[in-house]
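Colleague: Structure file run.cif (mmCIF, C-alpha atoms and all ligand atoms) is given on the next line.
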data_upload
#
loop_
_atom_site.label_atom_id
_atom_site.label_comp_id
_atom_site.auth_asym_id
_atom_site.auth_seq_id
_atom_site.Cartn_x
_atom_site.Cartn_y
_atom_site.Cartn_z
CA MET A 1350 -32.61 -17.48 -65.90
CA LYS A 1351 -29.06 -16.30 -65.41
CA LEU A 1352 -28.99 -12.93 -63.77
CA PRO A 1353 -26.62 -10.19 -64.84
CA ASN A 1354 -23.62 -9.84 -62.61
CA PHE A 1355 -24.76 -6.73 -60.84
CA SER A 1356 -22.13 -6.64 -58.13
CA LYS A 1357 -18.71 -5.69 -59.42
CA PHE A 1358 -17.22 -7.07 -56.22
CA SER A 1359 -18.82 -10.45 -56.51
CA ASN A 1360 -15.78 -12.14 -58.04
CA LEU A 1361 -13.47 -10.54 -55.54
CA PHE A 1362 -15.17 -12.01 -52.50
CA LYS A 1363 -16.45 -15.17 -54.16
CA PRO A 1364 -19.34 -15.77 -51.77
CA LYS A 1365 -20.34 -19.40 -51.36
CA SER A 1366 -23.42 -20.35 -53.34
CA TYR A 1367 -26.04 -23.00 -52.66
CA LEU A 1368 -28.65 -24.52 -54.86
CA GLY A 1369 -32.23 -25.27 -53.78
CA VAL A 1370 -33.89 -28.00 -55.85
CA ASP A 1371 -37.66 -28.43 -55.57
CA ILE A 1372 -38.80 -31.57 -57.41
CA GLY A 1373 -42.53 -30.90 -57.59
CA THR A 1374 -45.30 -32.82 -59.32
CA SER A 1375 -45.64 -30.51 -62.31
CA SER A 1376 -42.16 -29.04 -62.54
CA LEU A 1377 -38.64 -28.87 -61.24
CA LYS A 1378 -37.59 -25.54 -59.80
CA ILE A 1379 -34.11 -24.41 -58.89
CA VAL A 1380 -32.76 -21.32 -57.12
CA GLN A 1381 -29.14 -20.45 -56.48
CA LEU A 1382 -28.39 -18.00 -53.68
CA SER A 1383 -25.14 -16.73 -52.27
CA LYS A 1384 -24.70 -15.32 -48.82
CA GLN A 1385 -23.82 -11.63 -48.69
CA ARG A 1386 -23.16 -10.56 -45.15
CA GLU A 1387 -26.50 -11.00 -43.35
CA THR A 1388 -28.60 -11.45 -46.45
CA PHE A 1389 -28.74 -13.52 -49.63
CA ARG A 1390 -28.13 -12.58 -53.20
CA LEU A 1391 -30.17 -14.23 -55.92
CA ASP A 1392 -27.73 -15.64 -58.50
CA ASN A 1393 -30.01 -17.69 -60.75
CA TYR A 1394 -33.37 -19.36 -60.86
CA GLY A 1395 -35.25 -21.57 -63.30
CA GLU A 1396 -38.15 -23.93 -63.82
CA VAL A 1397 -38.69 -26.82 -66.19
CA LYS A 1398 -42.03 -28.60 -66.60
CA PHE A 1399 -42.16 -32.38 -66.45
CA PHE A 1400 -44.92 -32.91 -69.03
CA GLU A 1401 -46.51 -31.41 -72.09
CA GLU A 1402 -49.98 -30.04 -71.37
CA ASN A 1403 -51.71 -32.51 -73.67
CA VAL A 1404 -50.67 -35.70 -71.81
CA PRO A 1405 -53.53 -37.57 -70.05
CA MET A 1406 -54.74 -36.16 -66.74
CA GLU A 1407 -53.47 -39.12 -64.71
CA VAL A 1408 -49.92 -38.23 -65.83
CA HIS A 1409 -50.31 -34.70 -64.42
CA GLN A 1410 -51.21 -36.20 -61.06
CA GLN A 1411 -48.36 -38.68 -60.99
CA SER A 1412 -45.90 -38.15 -58.13
CA SER A 1413 -42.43 -37.12 -59.23
CA LEU A 1414 -41.16 -39.95 -57.02
CA LYS A 1415 -42.35 -42.27 -59.81
CA ILE A 1416 -40.29 -40.56 -62.53
CA PRO A 1417 -37.01 -42.44 -63.26
CA ASP A 1418 -33.96 -40.86 -61.59
CA GLU A 1419 -32.20 -40.52 -64.95
CA GLU A 1420 -35.05 -38.45 -66.40
CA ILE A 1421 -35.12 -36.09 -63.43
CA ALA A 1422 -31.32 -35.75 -63.52
CA GLU A 1423 -31.40 -34.96 -67.25
CA LEU A 1424 -33.92 -32.17 -66.69
CA LEU A 1425 -31.98 -30.89 -63.70
CA LYS A 1426 -28.75 -30.76 -65.70
CA LYS A 1427 -30.58 -29.02 -68.54
CA ILE A 1428 -32.00 -26.29 -66.33
CA MET A 1429 -28.69 -25.87 -64.47
CA ALA A 1430 -26.91 -25.42 -67.82
CA GLU A 1431 -29.53 -22.98 -69.12
CA THR A 1432 -29.41 -20.84 -66.00
CA LYS A 1433 -25.62 -21.23 -65.69
CA THR A 1434 -25.66 -22.23 -62.03
CA THR A 1435 -22.26 -22.63 -60.44
CA ALA A 1436 -23.13 -24.08 -57.03
CA THR A 1437 -22.04 -27.66 -56.46
CA GLN A 1438 -23.79 -28.12 -53.12
CA ALA A 1439 -27.54 -28.56 -53.14
CA ALA A 1440 -30.49 -29.19 -50.85
CA PHE A 1441 -33.50 -31.11 -52.20
CA SER A 1442 -37.07 -31.02 -50.92
CA LEU A 1443 -39.27 -34.01 -50.16
CA PRO A 1444 -43.04 -34.08 -50.61
CA VAL A 1445 -44.69 -33.98 -47.17
CA PHE A 1446 -46.56 -37.26 -47.76
CA SER A 1447 -43.32 -39.16 -48.41
CA ALA A 1448 -41.73 -38.58 -44.99
CA PHE A 1449 -42.76 -38.40 -41.38
CA SER A 1450 -42.27 -35.72 -38.74
CA THR A 1451 -43.46 -35.12 -35.21
CA ILE A 1452 -42.56 -33.14 -32.10
CA ILE A 1453 -41.72 -35.19 -29.03
CA GLU A 1454 -40.72 -34.25 -25.51
CA MET A 1455 -37.37 -35.51 -24.18
CA PRO A 1456 -35.27 -34.89 -21.08
CA LYS A 1457 -32.38 -32.47 -21.60
CA LEU A 1458 -29.40 -34.62 -22.62
CA PRO A 1459 -25.92 -34.10 -24.05
CA GLN A 1460 -25.88 -34.37 -27.85
CA ASP A 1461 -24.45 -37.90 -28.10
CA GLU A 1462 -26.84 -39.28 -25.50
CA MET A 1463 -29.74 -37.49 -27.16
CA GLU A 1464 -28.86 -39.16 -30.45
CA LYS A 1465 -28.99 -42.60 -28.87
CA ALA A 1466 -32.16 -41.85 -26.94
CA ILE A 1467 -33.88 -40.53 -30.07
CA GLN A 1468 -32.99 -43.67 -32.03
CA PHE A 1469 -34.70 -45.67 -29.29
CA GLU A 1470 -37.69 -43.34 -28.77
CA ALA A 1471 -38.39 -42.96 -32.47
CA ARG A 1472 -39.63 -46.57 -32.68
CA GLN A 1473 -42.80 -45.52 -30.90
CA TYR A 1474 -43.58 -42.73 -33.31
CA VAL A 1475 -42.37 -43.76 -36.75
CA PRO A 1476 -44.89 -46.01 -38.49
CA ILE A 1477 -42.31 -48.01 -40.47
CA PRO A 1478 -39.34 -50.07 -39.16
CA ILE A 1479 -36.51 -47.84 -37.92
CA SER A 1480 -34.02 -49.87 -39.97
CA GLU A 1481 -35.77 -48.61 -43.12
CA VAL A 1482 -35.59 -44.88 -42.34
CA SER A 1483 -32.96 -42.20 -41.85
CA LEU A 1484 -33.64 -40.17 -38.76
CA GLY A 1485 -32.88 -36.53 -38.15
CA PHE A 1486 -33.76 -34.36 -35.20
CA VAL A 1487 -33.56 -30.80 -33.95
CA VAL A 1488 -33.77 -29.81 -30.29
CA MET A 1489 -36.23 -26.96 -30.48
CA GLY A 1490 -35.11 -23.77 -28.86
CA GLU A 1491 -31.47 -24.40 -29.65
CA GLU A 1492 -29.51 -23.42 -32.70
CA GLN A 1493 -29.43 -26.13 -35.27
CA LYS A 1494 -26.05 -27.60 -34.65
CA ILE A 1495 -27.48 -30.85 -35.92
CA ASN A 1496 -27.79 -29.25 -39.32
CA GLN A 1497 -24.10 -29.44 -39.86
CA GLN A 1498 -23.96 -33.15 -39.09
CA THR A 1499 -24.28 -35.52 -41.97
CA ALA A 1500 -24.09 -39.25 -41.61
CA GLY A 1501 -22.88 -40.67 -44.88
CA ALA A 1502 -23.12 -38.97 -48.22
CA ALA A 1503 -26.33 -37.13 -47.54
CA ALA A 1504 -28.17 -37.60 -44.33
CA PRO A 1505 -31.65 -36.18 -44.39
CA VAL A 1506 -30.92 -33.22 -42.23
CA PRO A 1507 -34.23 -31.92 -41.06
CA SER A 1508 -34.71 -28.42 -39.99
CA GLY A 1509 -37.63 -27.16 -38.02
CA THR A 1510 -36.46 -23.61 -37.68
CA PHE A 1511 -36.15 -20.93 -40.24
CA GLY A 1512 -34.42 -18.14 -38.34
CA ARG A 1513 -30.95 -18.21 -36.91
CA ALA A 1514 -31.66 -16.91 -33.45
CA ALA A 1515 -32.12 -19.29 -30.57
CA LEU A 1516 -35.78 -19.35 -29.73
CA PRO A 1517 -37.54 -19.75 -26.42
CA GLN A 1518 -38.90 -23.15 -25.51
CA ASN A 1519 -42.48 -23.56 -24.69
CA ALA A 1520 -43.25 -22.71 -21.07
CA GLU A 1521 -44.54 -26.14 -20.19
CA SER A 1522 -41.32 -27.82 -21.37
CA LYS A 1523 -39.22 -25.37 -19.39
CA ARG A 1524 -41.15 -26.07 -16.24
CA LYS A 1525 -40.61 -29.77 -16.65
CA LYS A 1526 -36.95 -29.25 -17.54
CA ASN A 1527 -37.67 -31.15 -20.72
CA VAL A 1528 -36.99 -30.11 -24.26
CA GLU A 1529 -39.13 -30.43 -27.33
CA VAL A 1530 -37.48 -32.30 -30.16
CA LEU A 1531 -38.52 -32.23 -33.77
CA LEU A 1532 -38.09 -35.68 -35.23
CA VAL A 1533 -38.03 -36.35 -38.96
CA ALA A 1534 -37.84 -39.79 -40.57
CA VAL A 1535 -37.22 -40.24 -44.28
CA PRO A 1536 -37.59 -43.71 -45.84
CA ASN A 1537 -34.15 -44.92 -46.99
CA GLU A 1538 -35.59 -45.80 -50.38
CA ILE A 1539 -36.50 -42.14 -50.99
CA LYS A 1540 -33.28 -40.82 -49.53
CA ASN A 1541 -31.30 -43.16 -51.83
CA LYS A 1542 -33.32 -41.98 -54.82
CA TYR A 1543 -32.41 -38.36 -54.08
CA VAL A 1544 -28.75 -39.22 -53.48
CA HIS A 1545 -28.75 -40.98 -56.86
CA ILE A 1546 -30.37 -38.03 -58.67
CA ALA A 1547 -27.80 -35.67 -57.13
CA GLN A 1548 -24.92 -37.96 -58.16
CA LEU A 1549 -26.23 -38.22 -61.73
CA SER A 1550 -26.49 -34.42 -61.83
CA GLY A 1551 -22.98 -33.81 -60.51
CA LEU A 1552 -24.22 -32.24 -57.28
CA GLU A 1553 -23.27 -32.80 -53.67
CA LEU A 1554 -26.47 -33.33 -51.72
CA VAL A 1555 -26.06 -31.56 -48.39
CA ALA A 1556 -29.63 -31.88 -47.12
CA ILE A 1557 -33.04 -33.34 -47.81
CA GLU A 1558 -35.91 -31.45 -46.20
CA MET A 1559 -39.64 -31.96 -46.06
CA GLU A 1560 -41.02 -29.06 -48.08
CA THR A 1561 -42.84 -27.33 -45.23
CA PHE A 1562 -39.52 -26.37 -43.58
CA PRO A 1563 -37.96 -24.49 -46.52
CA LEU A 1564 -41.38 -23.01 -47.23
CA ALA A 1565 -41.61 -21.48 -43.76
CA ARG A 1566 -37.98 -20.34 -43.88
CA ALA A 1567 -38.41 -18.53 -47.20
CA LEU A 1568 -41.80 -16.96 -46.51
CA LEU A 1569 -41.53 -15.92 -42.87
CA LYS A 1570 -37.82 -15.08 -42.64
CA GLY A 1571 -37.63 -15.33 -38.90
CA ALA A 1572 -40.94 -13.61 -38.01
CA HIS A 1573 -42.31 -15.01 -34.78
CA GLU A 1574 -46.08 -14.46 -35.14
CA THR A 1575 -48.34 -17.48 -35.27
CA THR A 1576 -48.78 -18.01 -39.00
CA LEU A 1577 -50.43 -20.59 -41.20
CA VAL A 1578 -48.50 -21.27 -44.39
CA VAL A 1579 -50.21 -23.01 -47.30
CA ASP A 1580 -48.60 -24.40 -50.45
CA ILE A 1581 -51.15 -25.34 -53.11
CA GLY A 1582 -49.30 -27.17 -55.85
CA ALA A 1583 -50.32 -29.36 -58.76
CA ARG A 1584 -51.01 -32.53 -56.80
CA SER A 1585 -51.15 -31.71 -53.13
CA THR A 1586 -51.77 -28.95 -50.65
CA ASP A 1587 -49.41 -28.62 -47.70
CA ILE A 1588 -50.49 -26.67 -44.65
CA CYS A 1589 -48.31 -25.87 -41.68
CA ILE A 1590 -48.56 -23.68 -38.62
CA VAL A 1591 -45.39 -21.87 -37.69
CA ASP A 1592 -45.22 -20.51 -34.19
CA ASN A 1593 -42.34 -18.83 -32.43
CA GLY A 1594 -39.96 -19.81 -35.20
CA PHE A 1595 -40.85 -23.50 -35.49
CA VAL A 1596 -43.09 -25.53 -37.72
CA ARG A 1597 -45.51 -26.94 -35.12
CA ILE A 1598 -48.04 -28.81 -37.24
CA SER A 1599 -47.89 -29.95 -40.83
CA HIS A 1600 -50.67 -31.48 -42.78
CA ASN A 1601 -51.07 -32.56 -46.38
CA PHE A 1602 -54.02 -33.48 -48.55
CA GLU A 1603 -54.62 -34.23 -52.19
CA PHE A 1604 -56.94 -31.44 -53.34
CA SER A 1605 -55.02 -29.20 -55.61
CA GLY A 1606 -54.20 -27.63 -58.97
CA VAL A 1607 -54.95 -30.64 -61.18
CA ASP A 1608 -58.38 -31.08 -59.52
CA ILE A 1609 -59.09 -27.41 -60.12
CA THR A 1610 -58.15 -27.76 -63.82
CA LYS A 1611 -60.37 -30.84 -64.09
CA ALA A 1612 -63.31 -28.97 -62.54
CA TYR A 1613 -62.58 -26.01 -64.81
CA GLY A 1614 -62.72 -28.32 -67.83
CA GLU A 1615 -66.09 -29.73 -66.75
CA PHE A 1616 -67.55 -26.30 -66.21
CA THR A 1617 -66.24 -24.75 -69.45
CA HIS A 1618 -66.56 -27.97 -71.53
CA THR A 1619 -62.91 -27.83 -72.54
CA ASP A 1620 -60.05 -30.34 -72.55
CA PHE A 1621 -57.28 -30.32 -69.94
CA ALA A 1622 -54.88 -28.08 -71.90
CA GLU A 1623 -57.55 -25.44 -72.63
CA ALA A 1624 -58.97 -25.61 -69.10
CA GLU A 1625 -55.45 -25.08 -67.72
CA LYS A 1626 -55.14 -21.90 -69.80
CA ARG A 1627 -58.55 -20.56 -68.74
CA LYS A 1628 -57.85 -21.34 -65.10
CA ILE A 1629 -54.70 -19.22 -65.26
CA VAL A 1630 -56.23 -16.32 -67.21
CA THR A 1631 -59.74 -16.11 -65.71
CA GLY A 1632 -59.49 -18.22 -62.56
CA LEU A 1633 -62.24 -17.30 -60.13
CA ASP A 1634 -63.03 -13.95 -61.75
CA LEU A 1635 -66.35 -15.30 -62.99
CA THR A 1636 -69.46 -13.48 -64.12
CA PRO A 1637 -72.63 -13.94 -61.99
CA GLY A 1638 -74.03 -16.08 -64.83
CA GLN A 1639 -71.03 -18.44 -64.65
CA LEU A 1640 -71.10 -18.90 -60.89
CA ASP A 1641 -73.88 -21.48 -60.92
CA GLY A 1642 -72.06 -23.75 -63.36
CA ALA A 1643 -68.84 -23.39 -61.40
CA LYS A 1644 -70.18 -24.97 -58.18
CA ASN A 1645 -67.82 -27.92 -58.33
CA LEU A 1646 -64.83 -25.68 -58.99
CA LEU A 1647 -65.72 -23.39 -56.08
CA SER A 1648 -66.28 -26.30 -53.74
CA ILE A 1649 -62.72 -27.56 -54.40
CA VAL A 1650 -61.36 -24.10 -53.60
CA ASP A 1651 -63.55 -23.87 -50.50
CA ASN A 1652 -62.42 -27.31 -49.35
CA ILE A 1653 -58.86 -26.02 -49.31
CA ILE A 1654 -59.94 -22.95 -47.31
CA ASN A 1655 -62.01 -25.05 -44.90
CA GLU A 1656 -59.12 -27.39 -44.30
CA CYS A 1657 -56.95 -24.40 -43.32
CA GLU A 1658 -59.71 -23.22 -40.99
CA ARG A 1659 -59.91 -26.69 -39.43
CA ILE A 1660 -56.14 -26.82 -38.78
CA MET A 1661 -56.24 -23.34 -37.20
CA SER A 1662 -59.13 -24.34 -34.93
CA SER A 1663 -57.45 -27.55 -33.92
CA TYR A 1664 -54.23 -25.64 -33.10
CA PHE A 1665 -56.21 -23.11 -31.07
CA ASN A 1666 -58.00 -25.89 -29.16
CA LYS A 1667 -54.71 -27.58 -28.34
CA THR A 1668 -52.57 -24.57 -27.49
CA GLY A 1669 -54.89 -21.58 -27.04
CA ARG A 1670 -52.83 -19.75 -29.67
CA VAL A 1671 -54.56 -17.79 -32.41
CA VAL A 1672 -53.26 -17.72 -35.96
CA GLY A 1673 -53.05 -14.08 -37.03
CA HIS A 1674 -51.64 -14.47 -40.54
CA VAL A 1675 -52.10 -16.77 -43.49
CA VAL A 1676 -49.46 -16.82 -46.21
CA LEU A 1677 -50.38 -18.47 -49.51
CA SER A 1678 -47.92 -20.10 -51.90
CA GLY A 1679 -47.73 -22.69 -54.68
CA GLY A 1680 -48.88 -22.17 -58.26
CA VAL A 1681 -52.61 -22.23 -57.44
CA SER A 1682 -52.29 -19.28 -55.07
CA LYS A 1683 -51.65 -17.12 -58.16
CA MET A 1684 -55.07 -17.93 -59.65
CA PRO A 1685 -57.07 -14.74 -60.30
CA GLY A 1686 -59.60 -14.25 -57.48
CA PHE A 1687 -58.08 -16.93 -55.23
CA LEU A 1688 -56.53 -14.64 -52.63
CA GLU A 1689 -59.75 -12.60 -52.46
CA ARG A 1690 -61.93 -15.69 -51.94
CA PHE A 1691 -59.55 -16.92 -49.23
CA GLY A 1692 -59.80 -13.57 -47.45
CA GLU A 1693 -63.61 -13.54 -47.71
CA LYS A 1694 -64.19 -17.07 -46.49
CA LEU A 1695 -61.65 -17.27 -43.70
CA PRO A 1696 -62.51 -14.46 -41.27
CA ALA A 1697 -65.69 -16.18 -40.05
CA GLY A 1698 -63.66 -18.67 -38.03
CA GLY A 1699 -61.18 -15.98 -37.08
CA GLU A 1700 -63.90 -13.81 -35.56
CA ALA A 1701 -65.04 -16.75 -33.51
CA ARG A 1702 -61.63 -16.67 -31.88
CA ASN A 1703 -61.38 -13.38 -30.01
CA GLY A 1704 -62.85 -11.33 -32.85
CA ARG A 1705 -59.46 -11.10 -34.55
CA LEU A 1706 -59.45 -10.91 -38.30
CA ILE A 1707 -56.90 -12.99 -40.10
CA ASP A 1708 -54.58 -11.27 -42.48
CA VAL A 1709 -54.22 -13.28 -45.72
CA SER A 1710 -51.41 -12.52 -48.17
CA LEU A 1711 -49.50 -13.98 -51.08
CA GLY A 1712 -46.05 -15.20 -50.13
CA ASP A 1713 -42.99 -13.45 -51.53
CA PRO A 1714 -39.87 -15.56 -50.93
CA PHE A 1715 -37.64 -13.10 -52.81
CA GLU A 1716 -38.51 -10.24 -50.44
CA GLY A 1717 -35.41 -9.04 -48.62
CA LEU A 1718 -33.02 -10.78 -51.03
CA ILE A 1719 -30.59 -8.81 -53.18
CA TYR A 1720 -31.48 -8.85 -56.88
CA PRO A 1721 -31.47 -6.41 -59.82
CA PRO A 1722 -34.40 -3.97 -59.35
CA GLU A 1723 -35.64 -4.53 -62.92
CA LEU A 1724 -36.55 -8.09 -61.91
CA GLY A 1725 -38.85 -6.91 -59.12
CA LYS A 1726 -42.14 -7.46 -60.95
CA THR A 1727 -41.18 -10.85 -62.41
CA LEU A 1728 -40.01 -12.14 -59.05
CA LYS A 1729 -43.21 -10.94 -57.37
CA ASP A 1730 -45.23 -12.82 -59.99
CA ILE A 1731 -43.34 -16.09 -59.81
CA GLY A 1732 -42.54 -15.88 -56.08
CA PRO A 1733 -45.38 -18.07 -54.74
CA SER A 1734 -44.15 -20.97 -56.92
CA PHE A 1735 -40.51 -20.64 -55.91
CA ALA A 1736 -40.85 -20.50 -52.12
CA VAL A 1737 -39.64 -24.08 -51.50
CA ALA A 1738 -36.59 -23.71 -53.77
CA VAL A 1739 -35.65 -20.35 -52.18
CA GLY A 1740 -35.99 -21.79 -48.66
CA LEU A 1741 -33.76 -24.73 -49.57
CA ALA A 1742 -31.04 -22.45 -50.94
CA MET A 1743 -31.29 -20.30 -47.76
CA ARG A 1744 -30.52 -23.27 -45.57
CA ARG A 1745 -26.87 -22.38 -45.02
N1 LIG A 1801 -51.53 -18.20 -62.46
C1 LIG A 1801 -52.06 -19.38 -62.12
N2 LIG A 1801 -53.38 -19.51 -61.87
C2 LIG A 1801 -53.91 -20.69 -61.53
N3 LIG A 1801 -53.22 -21.82 -61.37
C3 LIG A 1801 -51.90 -21.75 -61.59
C4 LIG A 1801 -51.24 -20.55 -61.97
N4 LIG A 1801 -49.93 -20.82 -62.11
C5 LIG A 1801 -49.77 -22.13 -61.84
N5 LIG A 1801 -50.95 -22.70 -61.52
C6 LIG A 1801 -51.22 -24.09 -61.16
O1 LIG A 1801 -50.38 -24.44 -60.08
C7 LIG A 1801 -49.99 -25.81 -60.19
C8 LIG A 1801 -48.50 -25.91 -60.15
O2 LIG A 1801 -48.06 -25.31 -58.96
P1 LIG A 1801 -46.65 -25.66 -58.33
O3 LIG A 1801 -45.60 -25.37 -59.31
O4 LIG A 1801 -46.59 -24.99 -57.01
O5 LIG A 1801 -46.83 -27.24 -58.16
P2 LIG A 1801 -45.76 -28.39 -57.94
O6 LIG A 1801 -44.75 -27.92 -56.97
O7 LIG A 1801 -45.26 -28.87 -59.25
O8 LIG A 1801 -46.68 -29.54 -57.33
P3 LIG A 1801 -46.75 -30.19 -55.86
O9 LIG A 1801 -46.25 -29.16 -54.91
O10 LIG A 1801 -48.17 -30.55 -55.68
O11 LIG A 1801 -45.85 -31.38 -55.95
C9 LIG A 1801 -50.58 -26.35 -61.48
O12 LIG A 1801 -51.77 -27.03 -61.20
C10 LIG A 1801 -50.86 -25.06 -62.26
O13 LIG A 1801 -51.96 -25.20 -63.13
MG MG A 1802 -44.63 -27.89 -54.88
#
For the file at hand, write its structure as structure tokens.

Modeller:
Amino acid sequence: MKLPNFSKFSNLFKPKSYLGVDIGTSSLKIVQLSKQRETFRLDNYGEVKFFEENVPMEVHQQSSLKIPDEEIAELLKKIMAETKTTATQAAFSLPVFSAFSTIIEMPKLPQDEMEKAIQFEARQYVPIPISEVSLGFVVMGEEQKINQQTAGAAAPVPSGTFGRAALPQNAESKRKKNVEVLLVAVPNEIKNKYVHIAQLSGLELVAIEMETFPLARALLKGAHETTLVVDIGARSTDICIVDNGFVRISHNFEFSGVDITKAYGEFTHTDFAEAEKRKIVTGLDLTPGQLDGAKNLLSIVDNIINECERIMSSYFNKTGRVVGHVVLSGGVSKMPGFLERFGEKLPAGGEARNGRLIDVSLGDPFEGLIYPPELGKTLKDIGPSFAVAVGLAMRR
């Protein structure tokens, strides 16, 4: 929607605006933000679904990477026109499964030497030929100067940080006089697809980011506590642990919203479209009589929770660091009863680690942004679905 112009000075100062474009499995979401001093103002936002609800289930699970560029661009232009966006520069997100990222240790080197060394080193880590990927890197603990560098029309400029302050390196790296480097590799085929979609839509693509990075940026806004961030979308669930300002681990698996709808349909004997409605209205707020029939549904939800628990344990075993917060996002996190079940199931593992309970909350990417107060409730409701798009628009 296009927001009312609530700042009478906005035209005077003409702040620069950026567009975040999240091409998800079920829908395309956009957010335009403009920088106002140290914060961001929400200019516009919008969402357009890819499919009608009554298409076959397989279509709902189809990756957006399979949709023709022209179709995505048409929808993007439509939603930009409807919401009256004005930004010409955009950042797009990539599904986690489509790219590759890792943290490697490197000696401290000047920028140009680091670039060469990374090109060489990356061969060991990237599972496909280096000639077929575009590489990006960030030296962790430094400001992201690399973010401003673009090779060609739109280099995939990865970003592992979400705050602006320089952050301390891990103690081990300091001792060794080495630095940790976040390496991201995006297959050229996917990068070219996104460049093409941007061109067809009349946008300048300034960055392509794996979705965990904008997610962390939008939801944590520079907080340094060890936090697990989950995005449960239509097709996949992304989990990442953010520690000291950096995404340290990201993981992705295909248990998600469409599976929940399918299980809901089985349990309520309804078709996909009806099950989708019931999932959104009733969700996990089931009567004791319904619980028995909903075993499959609950086991999908519990699988997601268990996977988060597993990632937290593995991080603790590797680093000794305890996750204190879990922030939920993605459409599924809005399901009635979901947050409560997450909170109930998770503390068991948390108690095993120093008796600390884990605080579980719903993500609010619009928190701290400037927007008309009358939109407060709407933005709180839609927030968990818009985290990736907000984080992309916050990139500059
Ligand atoms: N209030 C709600 N309750 C339950 N489920 C919901 C609710 N709102 C949306 N969903 C579900 O969330 C999913 C869509 O979420 P989201 O928009 O985050 O996914 P996406 O970004 O399109 O997909 P992905 O991230 O997997 O590519 C759908 O399965 C939808 O049914
Ligand atoms: Mg998504």

Colleague: Grab me every residue within 10 Å of ligand MG 1802 (chain A), counting all atoms listed in the file, and send it over as a PyMOL selection string.

Modeller: chain A and resi 1371-1378+1442-1445+1560-1561+1564+1580-1587+1678-1680+1733-1738

Colleague: Tell me which of A:Glu1716, A:Asp1641, A:Glu1462, A:Glu1402 sits closest to ligand LIG 1801 (chain A), counting all atoms listed in the file.

Modeller: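 Checking each of A:Glu1716, A:Asp1641, A:Glu1462, A:Glu1402 against ligand LIG 1801 (chain A), counting all atoms listed in the file, the winner is A:Glu1402.
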
Colleague: If I wrap all listed atoms of stretch 1618-1624 of chain A in a box with edges along x, y and z and add 8 Å on each side, what are its centre and edge lengths in Å to one decimal, as AutoDock Vina command-line options?

Modeller:
--center_x -60.7 --center_y -27.9 --center_z -70.9 --size_x 27.7 --size_y 20.9 --size_z 19.5

Colleague: What's the 8 Å shell around A:Ala1565, counting all atoms listed in the file, without same-chain residues fewer than 4 positions away, as an MDAnalysis selection string?

Modeller: chainID A and resid 1511 1561 1569:1570 1578 1591 1596 1740

Colleague: Distance atom CA of A:Ala1567-atom CA of A:Ala1742, one decimal place?

Modeller: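 Atom-to-atom, atom CA of A:Ala1567 and atom CA of A:Ala1742 are spaced 9.1 Å apart.
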
Colleague: Looking at A:Asn1403, A:Asn1655, A:Met1455, A:Leu1728, which one is nearest to A:Val1487, with distances taken over all atoms listed in the file?

Modeller: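 Closest residue, counting all atoms listed in the file: A:Met1455.
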
Colleague: Just checking: using all atoms listed in the file, which residue out of A:Glu1396, A:Glu1470, A:Asp1651, A:Glu1558 ends up closest to ligand LIG 1801 (chain A)?

Modeller: A:Glu1396

Colleague: A:Arg1597: which residues within 9 Å, counting all atoms listed in the file, same-chain residues fewer than 5 positions away excluded, as a ChimeraX atom specification?

Modeller: /A:1451-1452,1509,1531,1589-1592

Colleague: Store the residues picked out above in a file with C-alpha atoms, as a PDB file, keeping the file's coordinate frame.

Modeller:
ATOM      1  CA  THR A1451     -43.460 -35.120 -35.210  1.00  0.00           C
ATOM      2  CA  ILE A1452     -42.560 -33.140 -32.100  1.00  0.00           C
ATOM      3  CA  GLY A1509     -37.630 -27.160 -38.020  1.00  0.00           C
ATOM      4  CA  LEU A1531     -38.520 -32.230 -33.770  1.00  0.00           C
ATOM      5  CA  CYS A1589     -48.310 -25.870 -41.680  1.00  0.00           C
ATOM      6  CA  ILE A1590     -48.560 -23.680 -38.620  1.00  0.00           C
ATOM      7  CA  VAL A1591     -45.390 -21.870 -37.690  1.00  0.00           C
ATOM      8  CA  ASP A1592     -45.220 -20.510 -34.190  1.00  0.00           C
TER       9      ASP A1592
END

Colleague: By how many Å are atom CA of A:Leu1554 and atom CA of A:Gly1490 apart?

Modeller: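 Computing it gives 26.2 Å between the two atoms.
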